[in-house]
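These notes concern the structure reproduced below.
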Amino acid sequence: MAEQVGAEADFFSVVGTQRAMRRLKPDPVPEEHIKRIIWAATRAPSGGNRQPWRFLVVTDAAKRKALAAVYREGWERYRASGYGGSAGRELAPEWAESNEKVLRSSQYLADHMAEVPVLIFPCIFGGGPKDLTSGSSIYPAIQNLMLAARALGLGTALTTIHRWNEPRVREILGIPETVDTAALIPVGWPKGKFGAGLRQPVEAVTYWDSWGAKRP
Ligand SMILES: Cc1cc2nc3c(=O)[nH]c(=O)nc-3n(C[C@H](O)[C@H](O)[C@H](O)COP(=O)(O)O)c2cc1C
């Protein structure tokens, strides 16, 4: 990609280095930062501009501990069911290595979730069928939130494993049954450095005018 300047450089370097950061320090995060990243979330599109969202920010230590236990149990169930395995696929070395890294950092997060200073639950309400379209009115907001966190130097990861026991999450947080927790976003100062995640090149994922038609 050509070298970017000014605001473009900021935007593309934020997007290019926003990735799952699961090793987070327990140090507190200023409330202004939390409000700012939620502001970014609220700039996102939603169907009919209904903005069917609430952002439940959890800083209470006892609640974080209870939620971490739900997450940990969910993670163990996923692992036991074969999650993260190559399932007979022959992976290229860089993808196999990336897979291993994801597993190690996911395990770390499952083991340390209670220490993460801020857990944000982007919630969606409004009923209707639970399909790809309904989820589309919350995930752009989540991505905005994570990009804004990256711009402030805060690490996040989009996680969903808590949903294996959403009734318990609702109970801990007093969430009504008409509301779904679309994700659990741990937010904190990263222990490591931000960097680019492994992704397929643009040419490999772009078709022009007809399905399958690529340009070099
Ligand atoms: C829908 C969705 C669900 C995810 N669920 C989890 C999760 O429960 N736990 C977790 O540690 N990471 C989860 N992830 C994060 C992915 O593992 C991560 O985005 C992917 O490995 C790319 O990581 P990278 O940006 O560091 O390259 C989820 C991501 C998405 C988009």
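Going by the structure tokens order, chains are called A, B, ..., each with residues numbered from 1, while ligands are numbered from 1 in the order shown.
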Expected answer as a PyMOL selection string: residues within 10 Å of ligand 1, only C-alpha atoms and all ligand atoms
chain A and resi 16-22+71+74-75+78+84+98-99+101-110+139+143+156-164+182-186+194-199
Mind dumping a table of every region 58-101 of chain A residue within 10 Å of region 115-120 of chain A, with the nearest atom pair and its distance in Å to one decimal, using only C-alpha atoms, sorted by chain and rising number, as a Markdown table?
```
| residue | atom | partner | partner_atom | distance |
| --- | --- | --- | --- | --- |
| A:Val58 | CA | A:Leu119 | CA | 5.1 |
| A:Thr59 | CA | A:Val118 | CA | 5.1 |
| A:Asp60 | CA | A:Val118 | CA | 8.6 |
| A:Ala61 | CA | A:Pro117 | CA | 8.2 |
| A:Lys63 | CA | A:Leu119 | CA | 9.8 |
| A:Arg64 | CA | A:Leu119 | CA | 7.3 |
| A:Lys65 | CA | A:Glu115 | CA | 8.0 |
| A:Leu67 | CA | A:Leu119 | CA | 9.1 |
| A:Ala68 | CA | A:Glu115 | CA | 8.8 |
```
Write the residues you've just listed into a file as a PDB file, in the first residue's frame, and include N, CA and C atoms for each of them.
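Output file result_33.pdb is given in full below:
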```pdb
ATOM      1  N   VAL A  58     -18.357  -3.368  33.048  1.00  0.00           N
ATOM      2  CA  VAL A  58     -18.206  -4.012  34.359  1.00  0.00           C
ATOM      3  C   VAL A  58     -16.803  -3.755  34.897  1.00  0.00           C
ATOM      4  N   THR A  59     -16.750  -3.058  36.049  1.00  0.00           N
ATOM      5  CA  THR A  59     -15.454  -2.836  36.717  1.00  0.00           C
ATOM      6  C   THR A  59     -15.455  -3.463  38.116  1.00  0.00           C
ATOM      7  N   ASP A  60     -16.627  -3.777  38.634  1.00  0.00           N
ATOM      8  CA  ASP A  60     -16.756  -4.358  39.967  1.00  0.00           C
ATOM      9  C   ASP A  60     -15.982  -5.691  40.034  1.00  0.00           C
ATOM     10  N   ALA A  61     -15.068  -5.815  41.018  1.00  0.00           N
ATOM     11  CA  ALA A  61     -14.172  -6.981  41.061  1.00  0.00           C
ATOM     12  C   ALA A  61     -14.930  -8.293  41.273  1.00  0.00           C
ATOM     13  N   LYS A  63     -18.002  -9.031  40.441  1.00  0.00           N
ATOM     14  CA  LYS A  63     -18.728  -9.399  39.217  1.00  0.00           C
ATOM     15  C   LYS A  63     -17.759  -9.888  38.135  1.00  0.00           C
ATOM     16  N   ARG A  64     -16.613  -9.230  38.035  1.00  0.00           N
ATOM     17  CA  ARG A  64     -15.629  -9.677  37.032  1.00  0.00           C
ATOM     18  C   ARG A  64     -15.189 -11.110  37.326  1.00  0.00           C
ATOM     19  N   LYS A  65     -15.034 -11.413  38.613  1.00  0.00           N
ATOM     20  CA  LYS A  65     -14.610 -12.765  39.003  1.00  0.00           C
ATOM     21  C   LYS A  65     -15.692 -13.784  38.619  1.00  0.00           C
ATOM     22  N   LEU A  67     -17.966 -13.484  36.297  1.00  0.00           N
ATOM     23  CA  LEU A  67     -18.048 -13.569  34.830  1.00  0.00           C
ATOM     24  C   LEU A  67     -16.865 -14.355  34.267  1.00  0.00           C
ATOM     25  N   ALA A  68     -15.699 -14.154  34.891  1.00  0.00           N
ATOM     26  CA  ALA A  68     -14.500 -14.877  34.445  1.00  0.00           C
ATOM     27  C   ALA A  68     -14.699 -16.376  34.629  1.00  0.00           C
TER      28      ALA A  68
END
```
Please identify which residues in region 109-167 of chain A DSSP calls helix (DSSP H, G or I) from the backbone, and express them as a PyMOL selection string.
chain A and resi 109-115+132-135+139-151+161-167
Could you pull out the residues in region 64-172 of chain A that DSSP calls strand (DSSP E or B) from the backbone, as a ChimeraX atom specification?
/A:118-125,155-156,159
Write the residues of the preceding selection, restricted to N, CA and C atoms, as a PDB file, in the first residue's frame.
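Written out: out24.pdb:
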```pdb
ATOM      1  N   VAL A 118     -11.494  -3.931  32.944  1.00  0.00           N
ATOM      2  CA  VAL A 118     -12.799  -3.513  32.420  1.00  0.00           C
ATOM      3  C   VAL A 118     -13.321  -4.585  31.460  1.00  0.00           C
ATOM      4  N   LEU A 119     -14.551  -5.012  31.698  1.00  0.00           N
ATOM      5  CA  LEU A 119     -15.202  -5.936  30.761  1.00  0.00           C
ATOM      6  C   LEU A 119     -16.419  -5.208  30.200  1.00  0.00           C
ATOM      7  N   ILE A 120     -16.478  -5.115  28.883  1.00  0.00           N
ATOM      8  CA  ILE A 120     -17.630  -4.428  28.281  1.00  0.00           C
ATOM      9  C   ILE A 120     -18.498  -5.463  27.536  1.00  0.00           C
ATOM     10  N   PHE A 121     -19.787  -5.433  27.847  1.00  0.00           N
ATOM     11  CA  PHE A 121     -20.753  -6.275  27.147  1.00  0.00           C
ATOM     12  C   PHE A 121     -21.579  -5.393  26.215  1.00  0.00           C
ATOM     13  N   PRO A 122     -21.290  -5.390  24.909  1.00  0.00           N
ATOM     14  CA  PRO A 122     -22.182  -4.704  23.969  1.00  0.00           C
ATOM     15  C   PRO A 122     -23.452  -5.547  23.849  1.00  0.00           C
ATOM     16  N   CYS A 123     -24.579  -4.959  24.193  1.00  0.00           N
ATOM     17  CA  CYS A 123     -25.843  -5.701  24.230  1.00  0.00           C
ATOM     18  C   CYS A 123     -26.767  -5.195  23.129  1.00  0.00           C
ATOM     19  N   ILE A 124     -27.585  -6.112  22.594  1.00  0.00           N
ATOM     20  CA  ILE A 124     -28.535  -5.738  21.537  1.00  0.00           C
ATOM     21  C   ILE A 124     -29.940  -6.129  21.972  1.00  0.00           C
ATOM     22  N   PHE A 125     -30.888  -5.243  21.695  1.00  0.00           N
ATOM     23  CA  PHE A 125     -32.279  -5.555  22.035  1.00  0.00           C
ATOM     24  C   PHE A 125     -33.160  -5.246  20.827  1.00  0.00           C
ATOM     25  N   GLY A 155      -5.781  -2.363  24.785  1.00  0.00           N
ATOM     26  CA  GLY A 155      -5.980  -3.646  24.122  1.00  0.00           C
ATOM     27  C   GLY A 155      -7.391  -4.167  24.348  1.00  0.00           C
ATOM     28  N   THR A 156      -7.915  -4.873  23.347  1.00  0.00           N
ATOM     29  CA  THR A 156      -9.238  -5.512  23.432  1.00  0.00           C
ATOM     30  C   THR A 156      -9.185  -6.831  22.663  1.00  0.00           C
ATOM     31  N   THR A 159     -14.690 -11.363  22.135  1.00  0.00           N
ATOM     32  CA  THR A 159     -14.933 -12.731  22.598  1.00  0.00           C
ATOM     33  C   THR A 159     -16.436 -13.008  22.707  1.00  0.00           C
TER      34      THR A 159
END
```
Measuring atom to atom with only C-alpha atoms, identify which of A:Tyr83, A:Ala9, A:Val70, A:Gly212 is nearest to Arg170 (chain A).
A:Val70
